[in-house]
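File shown: query03.txt. Contents: compact mmCIF, C-alpha atoms.
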```
# COMPACT_ATOMS: atom_id res chain seq x y z
CA ALA A 6 -11.69 143.79 -77.47
CA PHE A 7 -13.59 146.54 -79.22
CA LEU A 8 -13.90 147.77 -82.78
CA LEU A 9 -13.76 151.52 -83.38
CA LYS A 10 -16.41 152.29 -85.98
CA GLY A 11 -16.29 155.67 -87.67
CA ARG A 12 -18.50 157.67 -90.01
CA GLU A 13 -21.62 156.07 -88.58
CA ASP A 14 -23.96 156.82 -85.70
CA VAL A 15 -24.20 153.74 -83.45
CA HIS A 16 -26.73 155.19 -80.99
CA LEU A 17 -29.49 153.08 -82.55
CA ASP A 18 -27.38 149.92 -82.16
CA ALA A 19 -26.89 150.74 -78.47
CA ARG A 20 -30.61 151.28 -77.92
CA VAL A 21 -31.47 148.04 -79.73
CA MET A 22 -29.04 146.12 -77.48
CA GLN A 23 -30.84 147.56 -74.45
CA LEU A 24 -34.19 146.60 -75.96
CA LEU A 25 -32.98 143.05 -76.64
CA GLU A 26 -31.85 142.76 -73.03
CA CYS A 27 -35.37 143.68 -71.87
CA VAL A 28 -36.96 141.29 -74.37
CA GLY A 29 -34.69 138.47 -73.24
CA TRP A 30 -35.49 139.15 -69.59
CA ALA A 31 -39.26 139.26 -70.24
CA THR A 32 -39.45 136.20 -72.49
CA LYS A 33 -36.63 134.15 -70.93
CA ALA A 34 -35.25 133.78 -74.46
CA SER A 35 -31.53 133.55 -75.11
CA ILE A 36 -30.79 136.55 -77.35
CA ASN A 37 -27.17 137.15 -78.20
CA ARG A 38 -26.02 140.73 -77.63
CA TYR A 39 -22.78 142.68 -77.67
CA ALA A 40 -21.68 145.93 -76.07
CA VAL A 41 -22.08 149.17 -78.03
CA LEU A 42 -20.67 152.45 -76.73
CA PRO A 43 -21.45 155.57 -78.80
CA LEU A 44 -18.66 158.17 -78.67
CA SER A 45 -20.25 160.81 -80.89
CA ARG A 46 -22.80 161.17 -83.68
CA SER A 47 -20.31 159.65 -86.12
CA SER A 48 -18.29 157.11 -84.14
CA GLY A 49 -18.53 154.46 -81.46
CA LEU A 50 -17.02 151.35 -79.92
CA ILE A 51 -18.52 147.94 -80.72
CA GLU A 52 -17.57 144.79 -78.84
CA TRP A 53 -15.61 142.31 -80.92
CA VAL A 54 -17.44 138.98 -80.77
CA PRO A 55 -14.77 136.24 -80.46
CA ARG A 56 -14.72 132.85 -82.21
CA THR A 57 -17.28 133.90 -84.81
CA THR A 58 -17.21 133.66 -88.60
CA PRO A 59 -19.46 135.57 -91.02
CA LEU A 60 -21.74 133.26 -93.00
CA PHE A 61 -20.38 134.93 -96.13
CA THR A 62 -16.90 133.60 -95.31
CA LEU A 63 -18.27 130.04 -95.12
CA TYR A 64 -19.99 130.50 -98.48
CA GLU A 65 -16.89 132.06 -100.05
CA ARG A 66 -14.65 129.20 -98.91
CA CYS A 67 -17.12 126.65 -100.26
CA GLN A 68 -17.27 128.30 -103.70
CA LYS A 69 -13.47 128.45 -103.88
CA ASN A 70 -13.14 124.78 -102.91
CA ARG A 71 -15.73 123.81 -105.53
CA ARG A 72 -13.85 125.69 -108.22
CA LEU A 73 -10.51 124.14 -107.21
CA THR A 74 -12.05 120.67 -107.23
CA LYS A 75 -13.44 121.29 -110.70
CA ALA A 76 -10.08 122.56 -111.96
CA ILE A 77 -8.31 119.47 -110.59
CA GLY A 78 -10.85 117.22 -112.29
CA ILE A 79 -10.36 118.98 -115.64
CA ARG A 80 -6.59 118.67 -115.34
CA GLN A 81 -6.76 114.96 -114.49
CA LYS A 82 -9.06 114.33 -117.47
CA ARG A 83 -6.70 116.18 -119.80
CA LEU A 84 -3.70 114.19 -118.57
CA SER A 85 -5.65 110.97 -118.98
CA ASP A 86 -6.66 111.89 -122.53
CA GLU A 87 -3.09 112.79 -123.45
CA ALA A 88 -1.82 109.50 -122.06
CA SER A 89 -4.36 107.44 -123.99
CA THR A 90 -3.57 108.85 -127.41
CA SER A 91 -0.36 108.81 -129.40
CA LYS A 92 -1.16 112.03 -131.25
CA LYS A 93 0.15 115.19 -129.77
CA LYS A 94 -2.50 117.72 -129.17
CA ARG A 95 -2.19 121.28 -128.07
CA SER A 96 -3.11 121.37 -124.42
CA PRO A 97 -5.68 123.92 -123.41
CA ARG A 98 -4.37 126.91 -121.54
CA LYS A 99 -3.89 126.16 -117.88
CA GLN A 100 -5.86 128.28 -115.50
CA LYS A 101 -3.73 130.17 -113.01
CA GLY A 102 -4.44 130.12 -109.31
CA GLU A 103 -5.48 133.76 -109.19
CA GLU A 104 -7.91 133.16 -112.09
CA ILE A 105 -9.48 130.22 -110.26
CA GLU A 106 -9.87 132.37 -107.16
CA ARG A 107 -11.39 135.21 -109.18
CA ASP A 108 -13.86 132.99 -111.03
CA SER A 109 -15.02 131.38 -107.77
CA ALA A 110 -15.53 134.68 -105.94
CA PRO A 111 -19.20 135.27 -105.00
CA SER A 112 -19.05 138.79 -106.45
CA HIS A 113 -17.94 137.36 -109.80
CA LEU A 114 -20.71 134.75 -109.73
CA TRP A 115 -23.24 137.48 -108.93
CA ARG A 116 -22.10 139.63 -111.85
CA LEU A 117 -22.34 136.63 -114.18
CA ALA A 118 -25.87 135.83 -113.00
CA LEU A 119 -26.90 139.45 -113.65
CA SER A 120 -25.23 139.61 -117.07
CA ARG A 121 -27.06 136.46 -118.18
CA ARG A 122 -30.26 138.45 -117.61
CA ASN A 123 -28.97 141.52 -119.49
CA ILE A 124 -28.56 143.53 -116.29
CA ASP A 125 -25.71 146.03 -115.98
CA PRO A 126 -24.23 145.51 -112.46
CA SER A 127 -23.02 149.13 -112.38
CA LYS A 128 -26.51 150.61 -112.86
CA ARG A 129 -28.18 149.45 -109.68
CA ASN A 130 -31.00 152.01 -109.80
CA GLU A 131 -32.12 150.55 -113.15
CA TRP A 132 -32.26 146.91 -112.07
CA ASP A 133 -35.39 144.90 -112.83
CA LEU A 134 -36.30 143.50 -109.41
CA SER A 135 -37.89 140.36 -110.87
CA LYS A 136 -34.67 139.54 -112.75
CA VAL A 137 -32.57 140.31 -109.68
CA ARG A 138 -34.69 137.89 -107.65
CA SER A 139 -34.24 135.30 -110.40
CA ALA A 140 -30.45 135.74 -110.23
CA TYR A 141 -30.55 135.41 -106.44
CA ASP A 142 -32.68 132.25 -106.61
CA GLU A 143 -30.21 130.74 -109.09
CA LEU A 144 -27.22 131.29 -106.80
CA ALA A 145 -29.20 130.21 -103.73
CA ALA A 146 -30.09 126.93 -105.45
CA GLU A 147 -26.41 126.31 -106.21
CA ALA A 148 -25.29 127.03 -102.64
CA PRO A 149 -24.80 123.84 -100.59
CA SER A 150 -27.62 123.29 -98.14
CA GLU A 151 -25.24 121.61 -95.66
CA LEU A 152 -22.87 124.61 -95.41
CA VAL A 153 -23.61 125.48 -91.78
CA ASP A 154 -24.10 121.83 -90.85
CA ARG A 155 -20.55 121.01 -91.92
CA ALA A 156 -19.15 123.94 -89.95
CA LEU A 157 -20.96 122.70 -86.84
CA ALA A 158 -19.77 119.13 -87.37
CA ARG A 159 -16.12 120.19 -87.70
CA ALA A 160 -16.30 122.16 -84.45
CA GLN A 161 -17.69 119.31 -82.32
CA SER A 162 -15.69 116.53 -80.71
CA SER A 163 -18.38 113.82 -80.55
CA CYS A 164 -21.66 112.77 -82.11
CA SER A 165 -23.62 113.77 -79.01
CA ASP A 166 -22.02 117.23 -79.10
CA TYR A 167 -22.94 117.51 -82.77
CA VAL A 168 -26.59 116.63 -82.12
CA ARG A 169 -26.67 119.13 -79.25
CA ALA A 170 -25.10 121.79 -81.50
CA ARG A 171 -27.75 121.27 -84.18
CA ARG A 172 -30.51 121.78 -81.60
CA THR A 173 -28.81 124.90 -80.24
CA TYR A 174 -28.37 126.29 -83.75
CA ALA A 175 -32.04 125.72 -84.57
CA GLU A 176 -33.10 127.55 -81.40
CA SER A 177 -30.67 130.40 -82.07
CA LEU A 178 -31.80 130.73 -85.68
CA GLY A 179 -35.47 130.74 -84.70
CA THR A 180 -34.91 133.41 -82.06
CA SER A 181 -32.88 135.51 -84.50
CA CYS A 182 -35.58 135.37 -87.17
CA VAL A 183 -38.41 136.27 -84.78
CA VAL A 184 -36.52 139.20 -83.23
CA ALA A 185 -35.33 140.52 -86.60
CA HIS A 186 -38.86 140.37 -88.00
CA ALA A 187 -40.42 142.02 -84.95
CA LEU A 188 -37.92 144.89 -85.03
CA GLY A 189 -38.05 145.34 -88.81
CA LEU A 190 -34.34 144.63 -89.19
CA GLY A 191 -32.93 145.18 -92.66
CA ASP A 192 -29.53 144.93 -94.36
CA ARG A 193 -29.38 141.19 -93.64
CA HIS A 194 -26.59 140.06 -95.94
CA LEU A 195 -24.27 137.19 -95.03
CA ASP A 196 -21.55 139.46 -93.61
CA ASN A 197 -24.00 140.73 -90.97
CA VAL A 198 -24.78 137.29 -89.55
CA LEU A 199 -22.00 135.62 -87.55
CA LEU A 200 -21.74 131.98 -86.50
CA ASP A 201 -19.93 130.68 -83.45
CA ALA A 202 -19.50 127.08 -84.56
CA SER A 203 -18.24 125.90 -81.16
CA SER A 204 -21.40 127.05 -79.33
CA ALA A 205 -23.63 126.79 -82.46
CA LYS A 206 -25.08 130.26 -81.85
CA LEU A 207 -25.84 133.03 -84.34
CA TRP A 208 -25.05 136.69 -83.85
CA ASP A 209 -26.84 139.44 -85.76
CA VAL A 210 -24.65 142.52 -86.13
CA ASP A 211 -25.14 146.00 -87.55
CA TRP A 212 -28.59 147.09 -86.39
CA GLY A 213 -28.39 150.46 -88.12
CA VAL A 214 -31.22 149.63 -90.55
CA CYS A 215 -34.01 148.89 -88.14
CA PHE A 216 -37.77 149.43 -87.72
CA ASP A 217 -38.35 148.96 -91.48
CA ALA A 218 -35.96 151.80 -92.32
CA GLY A 219 -34.84 149.95 -95.43
CA HIS A 220 -38.28 150.15 -97.10
```
Take the structure from the file and write it as structure tokens.
Amino acid sequence: AFLLKGREDVHLDARVMQLLECVGWATKASINRYAVLPLSRSSGLIEWVPRTTPLFTLYERCQKNRRLTKAIGIRQKRLSDEASTSKKKRSPRKQKGEEIERDSAPSHLWRLALSRRNIDPSKRNEWDLSKVRSAYDELAAEAPSELVDRALARAQSSCSDYVRARRTYAESLGTSCVVAHALGLGDRHLDNVLLDASSAKLWDVDWGVCFDAGH
């Protein structure tokens, strides 16, 4: 299956895939690639990588589950408090499901982190980079360190497979980091890194910002 991508020139992606093939052949390294077929200067076909999930999706699910768990805990505490007292108290307003989902969304958490530092999210060209890094570090510290590890564990059928998957993931991550650094790859947000939990391999996608073009 292929994805038709419009309004973007994918010639650079195609050339990078050819370069990665040569690098893999020369170094005997296992570098994940996908087919890219440019159709014009503003469109192209990109191979759809099966069984993969963006790392952002894993993070988003985790944040939503955390928020739901917290909401359930608050509700149970309120019910317990109401049962232990004879006085009727006005119950706090219940949070609706869509509000829980909104408050747990990574974009909402990012806006909150920026606002706590007096940064207007809509005025990106005026952001103080030191404060932005501080907001990023705050969210990174709150993110579970075992996020990928859990995804790998759920996809394996035995302990030996899980241990093998961890080793494969470490090798894939190391190769990805070295190649991305050597080629000056930018635009590395969590939607541009895919994980195949069954094989424990990472896939870097969208090579349009390459050779330090983002600087």
Do a neighbour search on Glu26 (chain A) at 12 Å with all atoms listed in the file, toss out local chain neighbours closer than 6 positions, and write the hits as an MDAnalysis selection string. chainID A and resid 19:20 32:40 184
Output for the residues just chosen: C-alpha atoms as an mmCIF file, in the coordinates of the input:
```
data_model
loop_
_atom_site.group_PDB
_atom_site.id
_atom_site.type_symbol
_atom_site.label_atom_id
_atom_site.label_comp_id
_atom_site.auth_asym_id
_atom_site.auth_seq_id
_atom_site.Cartn_x
_atom_site.Cartn_y
_atom_site.Cartn_z
ATOM 1 C CA ALA A 19 -26.890 150.740 -78.470
ATOM 2 C CA ARG A 20 -30.610 151.280 -77.920
ATOM 3 C CA THR A 32 -39.450 136.200 -72.490
ATOM 4 C CA LYS A 33 -36.630 134.150 -70.930
ATOM 5 C CA ALA A 34 -35.250 133.780 -74.460
ATOM 6 C CA SER A 35 -31.530 133.550 -75.110
ATOM 7 C CA ILE A 36 -30.790 136.550 -77.350
ATOM 8 C CA ASN A 37 -27.170 137.150 -78.200
ATOM 9 C CA ARG A 38 -26.020 140.730 -77.630
ATOM 10 C CA TYR A 39 -22.780 142.680 -77.670
ATOM 11 C CA ALA A 40 -21.680 145.930 -76.070
ATOM 12 C CA VAL A 184 -36.520 139.200 -83.230
#
```
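Pairwise distance (CA of Ala160 (chain A), CA of Ala202 (chain A)) equals 5.9 Å.
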Residues near Leu60 (chain A), cut-off 10 Å, all atoms listed in the file, skip fewer than 3 positions along chain, as a list in words: Thr57, Leu63, Tyr64, Glu65, Leu152, Val153, His194, Leu195, Asp196, Asn197, Val198, Leu199, Leu200 and Leu207 of chain A
Hey, which of A:Gly179, A:Val214, A:Phe7, A:Val168 ends up closest to Glu52 (chain A)? Count only C-alpha atoms.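 Nearest to Glu52 (chain A): A:Phe7.
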Would you work out the distance separating CA of Lys136 (chain A) from CA of Asn123 (chain A), expressed in Å to one decimal?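 Between CA of Lys136 (chain A) and CA of Asn123 (chain A) the gap is 9.0 Å.
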Using all atoms listed in the file, determine which residues lie at most 10 Å from Cys67 (chain A), disregarding the query and same-chain residues fewer than 3 positions distant; provide the list as a count of residues only. 13
Pick the closest to Asp14 (chain A) from A:Ser85, A:Lys128, A:Trp30, A:Gly49: which is it, counting only C-alpha atoms?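 For Asp14 (chain A), the nearest of the given residues is A:Gly49.
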Could you please determine the separation between CA of Ala170 (chain A) and CA of Ala187 (chain A) in Å, to one decimal place? 25.6 Å
